[in-house]
$ cat run15.cif   # mmCIF, C-alpha atoms and all ligand atoms
data_final
loop_
_atom_site.group_PDB
_atom_site.id
_atom_site.type_symbol
_atom_site.label_atom_id
_atom_site.label_comp_id
_atom_site.auth_asym_id
_atom_site.auth_seq_id
_atom_site.Cartn_x
_atom_site.Cartn_y
_atom_site.Cartn_z
ATOM 1 C CA MET N 1 -144.191 -173.071 -161.784
ATOM 2 C CA GLY N 2 -146.888 -175.068 -160.024
ATOM 3 C CA THR N 3 -149.625 -175.908 -162.499
ATOM 4 C CA ALA N 4 -151.843 -178.371 -160.634
ATOM 5 C CA THR N 5 -155.179 -177.456 -159.109
ATOM 6 C CA VAL N 6 -154.812 -177.962 -155.360
ATOM 7 C CA ILE N 7 -158.017 -179.722 -154.292
ATOM 8 C CA ASP N 8 -159.445 -178.040 -151.193
ATOM 9 C CA GLY N 9 -160.556 -180.968 -149.025
ATOM 10 C CA LYS N 10 -161.323 -178.684 -146.109
ATOM 11 C CA ALA N 11 -163.824 -176.641 -148.115
ATOM 12 C CA LEU N 12 -165.440 -179.713 -149.687
ATOM 13 C CA ALA N 13 -165.720 -181.392 -146.283
ATOM 14 C CA GLN N 14 -167.308 -178.282 -144.786
ATOM 15 C CA LYS N 15 -169.925 -178.265 -147.549
ATOM 16 C CA LEU N 16 -170.731 -181.944 -146.928
ATOM 17 C CA ARG N 17 -170.905 -181.402 -143.146
ATOM 18 C CA GLN N 18 -173.324 -178.503 -143.636
ATOM 19 C CA GLU N 19 -175.534 -180.685 -145.836
ATOM 20 C CA VAL N 20 -175.566 -183.416 -143.176
ATOM 21 C CA GLN N 21 -176.251 -180.838 -140.459
ATOM 22 C CA GLY N 22 -179.305 -179.577 -142.374
ATOM 23 C CA GLN N 23 -180.648 -183.106 -142.885
ATOM 24 C CA VAL N 24 -180.084 -183.968 -139.208
ATOM 25 C CA ALA N 25 -182.016 -180.841 -138.170
ATOM 26 C CA ARG N 26 -184.974 -181.849 -140.376
ATOM 27 C CA LEU N 27 -184.827 -185.453 -139.110
ATOM 28 C CA ARG N 28 -185.011 -184.193 -135.542
ATOM 29 C CA ARG N 29 -187.858 -181.796 -136.324
ATOM 30 C CA ASP N 30 -190.008 -184.027 -138.561
ATOM 31 C CA GLU N 31 -189.239 -187.513 -137.257
ATOM 32 C CA ARG N 32 -188.301 -186.721 -133.651
ATOM 33 C CA MET N 33 -185.139 -188.700 -134.146
ATOM 34 C CA THR N 34 -181.505 -187.827 -133.347
ATOM 35 C CA PRO N 35 -178.806 -189.905 -135.057
ATOM 36 C CA GLY N 36 -176.188 -191.269 -132.642
ATOM 37 C CA LEU N 37 -172.591 -192.386 -133.244
ATOM 38 C CA ALA N 38 -170.714 -194.597 -130.758
ATOM 39 C CA VAL N 39 -166.911 -194.711 -130.946
ATOM 40 C CA ILE N 40 -164.823 -197.325 -129.131
ATOM 41 C CA LEU N 41 -161.229 -196.339 -128.350
ATOM 42 C CA VAL N 42 -158.965 -198.981 -126.820
ATOM 43 C CA GLY N 43 -155.640 -197.922 -125.290
ATOM 44 C CA ASP N 44 -153.823 -194.619 -125.418
ATOM 45 C CA ASP N 45 -152.329 -194.288 -128.901
ATOM 46 C CA PRO N 46 -151.972 -190.473 -129.165
ATOM 47 C CA ALA N 47 -152.944 -190.250 -132.866
ATOM 48 C CA SER N 48 -156.088 -192.368 -132.297
ATOM 49 C CA GLY N 49 -156.959 -190.170 -129.315
ATOM 50 C CA ILE N 50 -156.791 -187.042 -131.488
ATOM 51 C CA TYR N 51 -158.931 -188.624 -134.231
ATOM 52 C CA VAL N 52 -161.588 -189.791 -131.781
ATOM 53 C CA ARG N 53 -161.851 -186.357 -130.122
ATOM 54 C CA SER N 54 -162.212 -184.718 -133.503
ATOM 55 C CA LYS N 55 -164.869 -187.224 -134.632
ATOM 56 C CA ALA N 56 -166.853 -186.713 -131.401
ATOM 57 C CA GLN N 57 -166.706 -182.928 -131.709
ATOM 58 C CA GLN N 58 -167.821 -182.918 -135.336
ATOM 59 C CA THR N 59 -170.617 -185.402 -134.566
ATOM 60 C CA GLU N 60 -172.047 -182.994 -132.014
ATOM 61 C CA GLU N 61 -171.570 -179.984 -134.287
ATOM 62 C CA ALA N 62 -173.680 -181.801 -136.888
ATOM 63 C CA GLY N 63 -176.498 -182.085 -134.329
ATOM 64 C CA MET N 64 -176.004 -185.796 -133.622
ATOM 65 C CA ARG N 65 -175.361 -187.640 -130.358
ATOM 66 C CA SER N 66 -171.824 -188.808 -129.657
ATOM 67 C CA PHE N 67 -171.014 -191.709 -127.316
ATOM 68 C CA VAL N 68 -167.290 -192.302 -126.734
ATOM 69 C CA HIS N 69 -166.247 -195.489 -124.912
ATOM 70 C CA ARG N 70 -162.634 -195.518 -123.735
ATOM 71 C CA LEU N 71 -161.151 -198.860 -122.661
ATOM 72 C CA PRO N 72 -157.694 -199.579 -121.179
ATOM 73 C CA ALA N 73 -154.922 -200.970 -123.422
ATOM 74 C CA ASP N 74 -154.903 -204.333 -121.586
ATOM 75 C CA VAL N 75 -158.670 -204.927 -121.841
ATOM 76 C CA ARG N 76 -159.790 -208.478 -122.716
ATOM 77 C CA GLU N 77 -161.383 -209.158 -126.089
ATOM 78 C CA GLU N 78 -164.571 -210.428 -124.449
ATOM 79 C CA VAL N 79 -165.077 -207.041 -122.761
ATOM 80 C CA VAL N 80 -164.874 -205.246 -126.124
ATOM 81 C CA LEU N 81 -167.279 -207.774 -127.674
ATOM 82 C CA THR N 82 -169.771 -207.322 -124.829
ATOM 83 C CA LEU N 83 -169.645 -203.553 -125.366
ATOM 84 C CA VAL N 84 -170.180 -203.939 -129.139
ATOM 85 C CA ARG N 85 -173.155 -206.278 -128.591
ATOM 86 C CA GLY N 86 -174.678 -203.794 -126.164
ATOM 87 C CA LEU N 87 -174.317 -200.973 -128.695
ATOM 88 C CA ASN N 88 -175.884 -203.194 -131.397
ATOM 89 C CA ARG N 89 -179.020 -203.356 -129.197
ATOM 90 C CA ASP N 90 -178.995 -199.677 -128.141
ATOM 91 C CA ASP N 91 -181.698 -197.738 -130.037
ATOM 92 C CA ARG N 92 -179.956 -194.395 -129.450
ATOM 93 C CA VAL N 93 -176.938 -195.663 -131.381
ATOM 94 C CA HIS N 94 -177.213 -195.790 -135.194
ATOM 95 C CA GLY N 95 -173.511 -195.975 -136.015
ATOM 96 C CA ILE N 96 -170.664 -197.884 -134.326
ATOM 97 C CA LEU N 97 -166.982 -197.230 -135.026
ATOM 98 C CA VAL N 98 -164.135 -199.213 -133.471
ATOM 99 C CA GLN N 99 -161.027 -197.070 -133.743
ATOM 100 C CA LEU N 100 -158.071 -198.993 -135.233
ATOM 101 C CA PRO N 101 -155.450 -200.195 -134.510
ATOM 102 C CA LEU N 102 -156.493 -202.433 -131.604
ATOM 103 C CA PRO N 103 -153.947 -203.873 -129.129
ATOM 104 C CA ASP N 104 -152.411 -207.275 -129.979
ATOM 105 C CA GLN N 105 -154.475 -209.369 -127.540
ATOM 106 C CA ILE N 106 -157.671 -208.370 -129.375
ATOM 107 C CA ARG N 107 -158.527 -209.990 -132.704
ATOM 108 C CA THR N 108 -159.497 -207.075 -134.941
ATOM 109 C CA ASP N 109 -161.488 -209.301 -137.332
ATOM 110 C CA VAL N 110 -163.590 -210.791 -134.554
ATOM 111 C CA VAL N 111 -164.459 -207.357 -133.145
ATOM 112 C CA LEU N 112 -165.246 -205.760 -136.518
ATOM 113 C CA GLN N 113 -167.457 -208.686 -137.572
ATOM 114 C CA ALA N 114 -169.411 -208.402 -134.286
ATOM 115 C CA VAL N 115 -170.740 -204.968 -135.315
ATOM 116 C CA ASP N 116 -174.313 -205.039 -136.678
ATOM 117 C CA PRO N 117 -173.854 -204.460 -140.459
ATOM 118 C CA ALA N 118 -176.674 -201.883 -140.337
ATOM 119 C CA LYS N 119 -174.631 -199.848 -137.802
ATOM 120 C CA ASP N 120 -171.262 -200.462 -139.456
ATOM 121 C CA VAL N 121 -170.506 -196.851 -140.453
ATOM 122 C CA ASP N 122 -166.877 -197.775 -141.243
ATOM 123 C CA GLY N 123 -168.051 -200.318 -143.850
ATOM 124 C CA PHE N 124 -165.669 -202.988 -142.543
ATOM 125 C CA HIS N 125 -168.195 -205.795 -141.992
ATOM 126 C CA VAL N 126 -168.059 -208.577 -144.621
ATOM 127 C CA VAL N 127 -171.719 -207.955 -145.469
ATOM 128 C CA ASN N 128 -170.939 -204.369 -146.445
ATOM 129 C CA ILE N 129 -167.699 -205.272 -148.254
ATOM 130 C CA GLY N 130 -169.645 -207.990 -150.104
ATOM 131 C CA ARG N 131 -172.428 -205.593 -151.103
ATOM 132 C CA LEU N 132 -169.854 -203.103 -152.372
ATOM 133 C CA ALA N 133 -167.972 -205.799 -154.317
ATOM 134 C CA ALA N 134 -171.142 -207.227 -155.861
ATOM 135 C CA GLY N 135 -172.640 -203.810 -156.618
ATOM 136 C CA ILE N 136 -175.670 -204.511 -154.422
ATOM 137 C CA GLU N 137 -177.434 -201.408 -153.169
ATOM 138 C CA GLY N 138 -177.288 -200.439 -149.493
ATOM 139 C CA ALA N 139 -173.599 -200.998 -148.723
ATOM 140 C CA MET N 140 -172.042 -198.819 -146.058
ATOM 141 C CA VAL N 141 -169.019 -197.528 -147.953
ATOM 142 C CA PRO N 142 -165.734 -197.082 -146.022
ATOM 143 C CA CYS N 143 -165.225 -193.394 -145.232
ATOM 144 C CA THR N 144 -161.733 -192.715 -146.590
ATOM 145 C CA PRO N 145 -162.332 -194.208 -150.069
ATOM 146 C CA SER N 146 -165.737 -192.538 -150.197
ATOM 147 C CA GLY N 147 -164.107 -189.164 -149.428
ATOM 148 C CA CYS N 148 -161.424 -189.803 -152.062
ATOM 149 C CA MET N 149 -164.081 -190.459 -154.720
ATOM 150 C CA GLN N 150 -165.717 -187.118 -153.999
ATOM 151 C CA LEU N 151 -162.357 -185.335 -154.174
ATOM 152 C CA ILE N 152 -161.602 -186.993 -157.537
ATOM 153 C CA LYS N 153 -165.045 -186.176 -158.932
ATOM 154 C CA SER N 154 -164.723 -182.533 -157.864
ATOM 155 C CA VAL N 155 -162.056 -182.128 -160.551
ATOM 156 C CA ARG N 156 -162.895 -185.018 -162.924
ATOM 157 C CA PRO N 157 -166.623 -185.758 -162.989
ATOM 158 C CA GLN N 158 -166.343 -188.314 -165.819
ATOM 159 C CA LEU N 159 -164.041 -191.242 -164.975
ATOM 160 C CA THR N 160 -165.022 -193.795 -167.623
ATOM 161 C CA GLY N 161 -162.012 -195.445 -169.246
ATOM 162 C CA GLN N 162 -159.437 -193.690 -167.079
ATOM 163 C CA ARG N 163 -156.482 -195.688 -165.818
ATOM 164 C CA ALA N 164 -156.519 -195.619 -162.008
ATOM 165 C CA LEU N 165 -153.602 -196.821 -159.903
ATOM 166 C CA ILE N 166 -153.955 -197.408 -156.196
ATOM 167 C CA VAL N 167 -150.719 -197.762 -154.251
ATOM 168 C CA GLY N 168 -151.529 -199.820 -151.146
ATOM 169 C CA ARG N 169 -153.832 -202.834 -150.695
ATOM 170 C CA SER N 170 -155.302 -202.295 -147.217
ATOM 171 C CA ASN N 171 -158.832 -203.302 -146.306
ATOM 172 C CA ILE N 172 -159.484 -199.743 -145.057
ATOM 173 C CA VAL N 173 -158.428 -197.881 -148.218
ATOM 174 C CA GLY N 174 -156.826 -199.783 -151.125
ATOM 175 C CA LYS N 175 -159.304 -202.606 -151.690
ATOM 176 C CA PRO N 176 -162.573 -200.622 -151.297
ATOM 177 C CA MET N 177 -161.044 -197.771 -153.342
ATOM 178 C CA ALA N 178 -160.492 -200.221 -156.212
ATOM 179 C CA LEU N 179 -164.136 -201.322 -156.071
ATOM 180 C CA LEU N 180 -165.420 -197.725 -156.142
ATOM 181 C CA LEU N 181 -163.202 -196.775 -159.107
ATOM 182 C CA LEU N 182 -164.248 -199.939 -160.944
ATOM 183 C CA ALA N 183 -167.892 -199.001 -160.397
ATOM 184 C CA GLU N 184 -167.052 -195.708 -162.170
ATOM 185 C CA ASN N 185 -165.701 -197.684 -165.151
ATOM 186 C CA CYS N 186 -162.011 -197.013 -164.497
ATOM 187 C CA THR N 187 -159.304 -199.480 -165.491
ATOM 188 C CA VAL N 188 -158.029 -200.289 -162.017
ATOM 189 C CA ILE N 189 -154.619 -201.491 -160.858
ATOM 190 C CA ILE N 190 -153.588 -202.073 -157.250
ATOM 191 C CA ALA N 191 -149.851 -201.755 -156.639
ATOM 192 C CA HIS N 192 -148.141 -202.793 -153.390
ATOM 193 C CA SER N 193 -144.742 -203.503 -151.836
ATOM 194 C CA ARG N 194 -144.120 -206.456 -154.217
ATOM 195 C CA THR N 195 -144.953 -204.562 -157.415
ATOM 196 C CA PHE N 196 -141.991 -204.849 -159.833
ATOM 197 C CA ASP N 197 -141.852 -201.358 -161.323
ATOM 198 C CA LEU N 198 -143.794 -198.900 -159.174
ATOM 199 C CA PRO N 199 -142.478 -195.733 -160.885
ATOM 200 C CA GLY N 200 -143.385 -197.224 -164.295
ATOM 201 C CA GLU N 201 -146.906 -198.122 -163.117
ATOM 202 C CA CYS N 202 -147.366 -194.619 -161.676
ATOM 203 C CA ARG N 203 -146.284 -192.941 -164.930
ATOM 204 C CA GLN N 204 -149.229 -194.548 -166.745
ATOM 205 C CA ALA N 205 -151.897 -193.542 -164.224
ATOM 206 C CA ASP N 206 -154.542 -190.901 -165.033
ATOM 207 C CA ILE N 207 -155.734 -191.163 -161.422
ATOM 208 C CA LEU N 208 -153.231 -192.043 -158.698
ATOM 209 C CA ILE N 209 -154.226 -192.844 -155.118
ATOM 210 C CA ALA N 210 -151.331 -193.106 -152.666
ATOM 211 C CA ALA N 211 -152.200 -195.028 -149.486
ATOM 212 C CA VAL N 212 -149.063 -196.741 -148.196
ATOM 213 C CA GLY N 213 -147.835 -194.648 -145.259
ATOM 214 C CA LYS N 214 -144.346 -193.942 -146.643
ATOM 215 C CA PRO N 215 -143.442 -190.237 -146.618
ATOM 216 C CA ARG N 216 -142.614 -188.804 -150.073
ATOM 217 C CA LEU N 217 -142.487 -192.273 -151.675
ATOM 218 C CA ILE N 218 -144.024 -190.977 -154.903
ATOM 219 C CA ARG N 219 -141.813 -188.460 -156.672
ATOM 220 C CA GLY N 220 -142.637 -185.799 -159.229
ATOM 221 C CA ASN N 221 -140.980 -187.641 -162.137
ATOM 222 C CA TRP N 222 -143.215 -190.688 -161.480
ATOM 223 C CA ILE N 223 -146.316 -188.702 -162.356
ATOM 224 C CA LYS N 224 -148.110 -188.576 -165.692
ATOM 225 C CA PRO N 225 -148.591 -184.932 -166.737
ATOM 226 C CA GLY N 226 -152.144 -183.813 -165.946
ATOM 227 C CA ALA N 227 -152.934 -186.759 -163.621
ATOM 228 C CA VAL N 228 -155.214 -186.463 -160.588
ATOM 229 C CA ILE N 229 -153.242 -187.277 -157.416
ATOM 230 C CA ILE N 230 -155.005 -188.231 -154.165
ATOM 231 C CA ASP N 231 -152.636 -188.463 -151.209
ATOM 232 C CA VAL N 232 -154.058 -190.551 -148.340
ATOM 233 C CA GLY N 233 -150.752 -190.657 -146.435
ATOM 234 C CA ILE N 234 -150.663 -189.122 -142.954
ATOM 235 C CA ASN N 235 -147.052 -189.569 -141.863
ATOM 236 C CA ARG N 236 -145.689 -187.839 -138.769
ATOM 237 C CA VAL N 237 -142.147 -186.695 -139.550
ATOM 238 C CA ASP N 238 -139.642 -184.474 -137.748
ATOM 239 C CA ASP N 239 -139.992 -180.821 -138.652
ATOM 240 C CA ALA N 240 -136.793 -179.722 -140.470
ATOM 241 C CA SER N 241 -136.891 -176.244 -138.877
ATOM 242 C CA ASP N 242 -137.488 -177.550 -135.331
ATOM 243 C CA GLY N 243 -136.308 -181.078 -134.496
ATOM 244 C CA ASP N 244 -138.574 -181.311 -131.434
ATOM 245 C CA LYS N 245 -141.693 -180.806 -133.481
ATOM 246 C CA LYS N 246 -143.566 -183.226 -135.731
ATOM 247 C CA ARG N 247 -145.430 -182.301 -138.861
ATOM 248 C CA LEU N 248 -147.667 -184.222 -141.249
ATOM 249 C CA GLN N 249 -146.346 -185.397 -144.575
ATOM 250 C CA GLY N 250 -148.102 -187.297 -147.344
ATOM 251 C CA ASP N 251 -146.984 -190.313 -149.405
ATOM 252 C CA VAL N 252 -146.411 -187.962 -152.357
ATOM 253 C CA ALA N 253 -143.586 -185.398 -152.706
ATOM 254 C CA PHE N 254 -146.103 -182.546 -153.022
ATOM 255 C CA ASP N 255 -143.636 -179.809 -154.070
ATOM 256 C CA GLU N 256 -142.500 -181.932 -157.035
ATOM 257 C CA ALA N 257 -145.868 -183.448 -157.934
ATOM 258 C CA VAL N 258 -147.680 -180.095 -158.023
ATOM 259 C CA GLU N 259 -145.464 -179.115 -161.004
ATOM 260 C CA VAL N 260 -146.615 -182.089 -163.091
ATOM 261 C CA ALA N 261 -150.096 -183.148 -161.961
ATOM 262 C CA GLY N 262 -153.407 -181.729 -163.176
ATOM 263 C CA ALA N 263 -154.869 -181.762 -159.665
ATOM 264 C CA ILE N 264 -153.555 -182.860 -156.276
ATOM 265 C CA THR N 265 -154.727 -183.053 -152.664
ATOM 266 C CA PRO N 266 -152.559 -181.433 -149.969
ATOM 267 C CA VAL N 267 -151.585 -183.019 -146.623
ATOM 268 C CA PRO N 268 -153.041 -181.872 -144.313
ATOM 269 C CA GLY N 269 -156.286 -180.415 -145.672
ATOM 270 C CA GLY N 270 -157.064 -182.991 -148.373
ATOM 271 C CA VAL N 271 -158.376 -186.470 -147.629
ATOM 272 C CA GLY N 272 -158.431 -186.209 -143.802
ATOM 273 C CA PRO N 273 -161.325 -183.749 -143.406
ATOM 274 C CA MET N 274 -163.390 -185.597 -146.030
ATOM 275 C CA THR N 275 -163.037 -188.888 -144.140
ATOM 276 C CA VAL N 276 -164.738 -187.491 -141.035
ATOM 277 C CA ALA N 277 -167.442 -185.766 -143.099
ATOM 278 C CA CYS N 278 -168.213 -189.116 -144.782
ATOM 279 C CA LEU N 279 -168.431 -190.775 -141.362
ATOM 280 C CA LEU N 280 -171.107 -188.239 -140.361
ATOM 281 C CA ARG N 281 -172.984 -188.903 -143.588
ATOM 282 C CA ASN N 282 -172.845 -192.671 -143.022
ATOM 283 C CA THR N 283 -174.227 -192.176 -139.510
ATOM 284 C CA LEU N 284 -177.129 -190.111 -140.900
ATOM 285 C CA LEU N 285 -177.749 -192.804 -143.551
ATOM 286 C CA ALA N 286 -177.753 -195.570 -140.929
ATOM 287 C CA ALA N 287 -180.250 -193.589 -138.827
ATOM 288 C CA CYS N 288 -182.535 -193.013 -141.833
ATOM 289 C CA ARG N 289 -182.429 -196.681 -142.852
ATOM 290 C CA SER N 290 -183.376 -197.794 -139.330
ATOM 291 C CA ARG N 291 -186.768 -196.163 -139.992
ATOM 292 C CA THR N 292 -186.884 -196.584 -143.783
ATOM 293 C CA ILE N 293 -186.616 -192.840 -144.301
ATOM 294 C CA ASP N 294 -185.187 -191.701 -147.639
ATOM 295 C CA PRO N 295 -182.439 -189.176 -146.751
ATOM 296 C CA SER N 296 -183.026 -187.318 -150.031
ATOM 297 C CA ASP N 297 -186.539 -186.496 -148.736
ATOM 298 C CA LEU N 298 -185.035 -184.594 -145.805
HETATM 299 N N1 LIG E 301 -157.772 -195.949 -138.048
HETATM 300 C C1 LIG E 301 -157.228 -195.393 -139.158
HETATM 301 N N2 LIG E 301 -158.171 -195.223 -140.109
HETATM 302 C C2 LIG E 301 -159.327 -195.675 -139.585
HETATM 303 C C3 LIG E 301 -160.664 -195.753 -140.078
HETATM 304 O O1 LIG E 301 -160.992 -195.379 -141.198
HETATM 305 N N3 LIG E 301 -161.574 -196.277 -139.225
HETATM 306 C C4 LIG E 301 -161.238 -196.704 -137.997
HETATM 307 N N4 LIG E 301 -162.198 -197.221 -137.242
HETATM 308 N N5 LIG E 301 -160.029 -196.634 -137.501
HETATM 309 C C5 LIG E 301 -159.069 -196.131 -138.298
#
$ encode --input "run15.cif" --output "structure tokens" --more "lines below"
Ligand code: GUN
Amino acid sequence: MGTATVIDGKALAQKLRQEVQGQVARLRRDERMTPGLAVILVGDDPASGIYVRSKAQQTEEAGMRSFVHRLPADVREEVVLTLVRGLNRDDRVHGILVQLPLPDQIRTDVVLQAVDPAKDVDGFHVVNIGRLAAGIEGAMVPCTPSGCMQLIKSVRPQLTGQRALIVGRSNIVGKPMALLLLAENCTVIIAHSRTFDLPGECRQADILIAAVGKPRLIRGNWIKPGAVIIDVGINRVDDASDGDKKRLQGDVAFDEAVEVAGAITPVPGGVGPMTVACLLRNTLLAACRSRTIDPSDL
């Protein structure tokens, strides 16, 4: 018998998008200002292509301007940097997102650090990471961890003292996730590929965030009864019923975990939709800050 609450990321994301849409409409009416998001896509990775199309579509649905810049896979780093610098100066653009991964000839760090921190809606610039780490107000918070926090709080509003385990130490998810949970007074542990006893660490976690990209790594008997499980994994695996097809699978064995956990996010329909909704919110925030408008006044 499945006992866990399945957290509806799609519904939560829709609510957040509607909120942003309302604020954008009032910003346009009262301030004569339309937030704009520029996305840079280098190369032809099919998954990145799908994400960028979806981001552009949702940006427009929220009433904002979308600018998508597609560059060939063999583009030189200097060309990407020139584009970023141009977008930094463009007043129609309030948010800039460089879709990752970038091809090998381009240094990801150099490109990400060239983005104006005020337009860094991904929260990857050292200024924003530093603000988040130091607890200084005004950080752009990375979208996936920000979405995860809202999913967690939808089922567990009070996190003080809870033991949180993050599996995965990436700059995009693991590290900023740890900072956000720490700010909520959790006891935070980051596990990774060198962790000695991953199942043992998982069994102690009240909140477990899986962000490693290994399908079904985390099994049902690794989970503490009643724990909140957030599955960030988006793994494309062969469909058992049709070998030609691919389907999405998380880092958690959902069918097993749902029997033990208190609450769990599905894949798809959990973290993914929240990530894009948070990107839209960050773009609205960046637009408001460019004119010192308080978004809560909208
Ligand atoms: N590729 C996978 N996740 C992300 C993300 O959060 N931001 C960007 N820019 N690219 C990604």
$ residues_near_ligand --input "run15.cif" --ligand "ligand LIG 301 (chain E)" --cutoff "8 Å" --atoms "only C-alpha atoms and all ligand atoms" --output "PyMOL selection string"
chain N and resi 48+97-101+122+142-144+172-173+275
$ closest_residue --input "run15.cif" --among "N:Ile229, N:Ala210, N:Leu182, N:Val20" --to "Glu61 (chain N)" --atoms "all atoms listed in the file"
N:Val20
$ closest_residue --input "run15.cif" --among "N:Ala191, N:Leu12, N:Glu19, N:Leu165" --to "Pro295 (chain N)" --atoms "only C-alpha atoms"
N:Glu19
$ axis_aligned_box --input "run15.cif" --around "region 219-230 of chain N" --padding-each-side "8 Å" --output "AutoDock Vina command-line options"
--center_x -148.1 --center_y -187.3 --center_z -160.5 --size_x 30.2 --size_y 22.9 --size_z 28.6
$ atom_distance --input "run15.cif" --atom1 "CA of Ser54 (chain N)" --atom2 "CA of Arg247 (chain N)"
17.8 Å
$ residues_around --input "run15.cif" --residues "region 219-227 of chain N" --least-positions-apart "4" --cutoff "8 Å" --atoms "all atoms listed in the file" --output "PyMOL selection string"
chain N and resi 4+199-200+202-208+252-263
$ closest_atom_pairs --input "run15.cif" --of "region 106-218 of chain N" --to "region 27-39 of chain N" --cutoff "12 Å" --atoms "only C-alpha atoms" --output "tab-separated table"
residue	atom	partner	partner_atom	distance
N:Val115	CA	N:Ala38	CA	11.3
N:Lys119	CA	N:Leu37	CA	9.0
N:Asp120	CA	N:Leu37	CA	10.3
N:Val121	CA	N:Leu37	CA	8.7
N:Asp122	CA	N:Val39	CA	10.7
$ resolve_selection --input "run15.cif" --expression "the PyMOL selection byres (((chain N and resi 13) around 10) and not hetatm)" --output "JSON, numbers by chain"
{"N": [8, 9, 10, 11, 12, 14, 15, 16, 17, 18, 19, 147, 150, 151, 269, 270, 271, 272, 273, 274, 275, 276, 277, 278]}
$ write_last_selection --input "run15.cif" --atoms "C-alpha atoms" --output "short mmCIF file (atom, residue, chain, number, x, y, z; two decimals), keeping the file's coordinate frame"
data_model
loop_
_atom_site.label_atom_id
_atom_site.label_comp_id
_atom_site.auth_asym_id
_atom_site.auth_seq_id
_atom_site.Cartn_x
_atom_site.Cartn_y
_atom_site.Cartn_z
CA ASP N 8 -159.44 -178.04 -151.19
CA GLY N 9 -160.56 -180.97 -149.02
CA LYS N 10 -161.32 -178.68 -146.11
CA ALA N 11 -163.82 -176.64 -148.12
CA LEU N 12 -165.44 -179.71 -149.69
CA GLN N 14 -167.31 -178.28 -144.79
CA LYS N 15 -169.92 -178.26 -147.55
CA LEU N 16 -170.73 -181.94 -146.93
CA ARG N 17 -170.90 -181.40 -143.15
CA GLN N 18 -173.32 -178.50 -143.64
CA GLU N 19 -175.53 -180.68 -145.84
CA GLY N 147 -164.11 -189.16 -149.43
CA GLN N 150 -165.72 -187.12 -154.00
CA LEU N 151 -162.36 -185.34 -154.17
CA GLY N 269 -156.29 -180.42 -145.67
CA GLY N 270 -157.06 -182.99 -148.37
CA VAL N 271 -158.38 -186.47 -147.63
CA GLY N 272 -158.43 -186.21 -143.80
CA PRO N 273 -161.32 -183.75 -143.41
CA MET N 274 -163.39 -185.60 -146.03
CA THR N 275 -163.04 -188.89 -144.14
CA VAL N 276 -164.74 -187.49 -141.04
CA ALA N 277 -167.44 -185.77 -143.10
CA CYS N 278 -168.21 -189.12 -144.78
#
$ atom_distance --input "run15.cif" --atom1 "CA of Ile166 (chain N)" --atom2 "CA of Val212 (chain N)"
9.4 Å
$ atom_distance --input "run15.cif" --atom1 "CA of Gly174 (chain N)" --atom2 "CA of Ala133 (chain N)"
13.1 Å
$ residues_around --input "run15.cif" --residues "Leu83 (chain N)" --least-positions-apart "6" --cutoff "12 Å" --atoms "only C-alpha atoms" --output "PDB file with C-alpha atoms, in the frame of the given file"
ATOM      1  CA  ALA N  38    -170.714-194.597-130.758  1.00  0.00           C
ATOM      2  CA  VAL N  39    -166.911-194.711-130.946  1.00  0.00           C
ATOM      3  CA  ILE N  40    -164.823-197.325-129.131  1.00  0.00           C
ATOM      4  CA  LEU N  41    -161.229-196.339-128.350  1.00  0.00           C
ATOM      5  CA  VAL N  42    -158.965-198.981-126.820  1.00  0.00           C
ATOM      6  CA  VAL N  68    -167.290-192.302-126.734  1.00  0.00           C
ATOM      7  CA  HIS N  69    -166.247-195.489-124.912  1.00  0.00           C
ATOM      8  CA  ARG N  70    -162.634-195.518-123.735  1.00  0.00           C
ATOM      9  CA  LEU N  71    -161.151-198.860-122.661  1.00  0.00           C
ATOM     10  CA  VAL N  75    -158.670-204.927-121.841  1.00  0.00           C
ATOM     11  CA  ARG N  76    -159.790-208.478-122.716  1.00  0.00           C
ATOM     12  CA  GLU N  77    -161.383-209.158-126.089  1.00  0.00           C
ATOM     13  CA  ARG N  89    -179.020-203.356-129.197  1.00  0.00           C
ATOM     14  CA  ASP N  90    -178.995-199.677-128.141  1.00  0.00           C
ATOM     15  CA  ILE N  96    -170.664-197.884-134.326  1.00  0.00           C
ATOM     16  CA  LEU N  97    -166.982-197.230-135.026  1.00  0.00           C
ATOM     17  CA  VAL N  98    -164.135-199.213-133.471  1.00  0.00           C
ATOM     18  CA  VAL N 111    -164.459-207.357-133.145  1.00  0.00           C
ATOM     19  CA  ALA N 114    -169.411-208.402-134.286  1.00  0.00           C
ATOM     20  CA  VAL N 115    -170.740-204.968-135.315  1.00  0.00           C
TER      21      VAL N 115
END
$ closest_residue --input "run15.cif" --among "N:Val167, N:Ile152, N:Met177, N:Leu280" --to "Val6 (chain N)" --atoms "all atoms listed in the file"
N:Ile152
$ residues_around --input "run15.cif" --residues "Ala286 (chain N)" --least-positions-apart "2" --cutoff "7 Å" --atoms "only C-alpha atoms" --output "ChimeraX atom specification"
/N:94-95,118-119,282-284,288-290
$ residues_near_point --input "run15.cif" --point "(-151.9, -189.5, -150.9)" --cutoff "8 Å" --atoms "all atoms listed in the file" --output "ChimeraX atom specification"
/N:209-211,229-233,250-252,265,267,271
$ decode --input "run15.cif" --residues "region 249-260 of chain N" --atoms "C-alpha atoms" --output "mmCIF file, in the first residue's frame"
data_model
loop_
_atom_site.group_PDB
_atom_site.id
_atom_site.type_symbol
_atom_site.label_atom_id
_atom_site.label_comp_id
_atom_site.auth_asym_id
_atom_site.auth_seq_id
_atom_site.Cartn_x
_atom_site.Cartn_y
_atom_site.Cartn_z
ATOM 1 C CA GLN N 249 13.153 8.070 -14.649
ATOM 2 C CA GLY N 250 14.246 9.668 -11.391
ATOM 3 C CA ASP N 251 17.209 8.906 -9.102
ATOM 4 C CA VAL N 252 14.776 7.272 -6.656
ATOM 5 C CA ALA N 253 12.980 3.922 -7.131
ATOM 6 C CA PHE N 254 9.571 5.617 -6.857
ATOM 7 C CA ASP N 255 7.445 2.440 -6.621
ATOM 8 C CA GLU N 256 9.456 1.289 -3.585
ATOM 9 C CA ALA N 257 9.974 4.688 -1.961
ATOM 10 C CA VAL N 258 6.285 5.636 -2.093
ATOM 11 C CA GLU N 259 5.580 2.741 0.332
ATOM 12 C CA VAL N 260 7.930 4.134 2.989
#
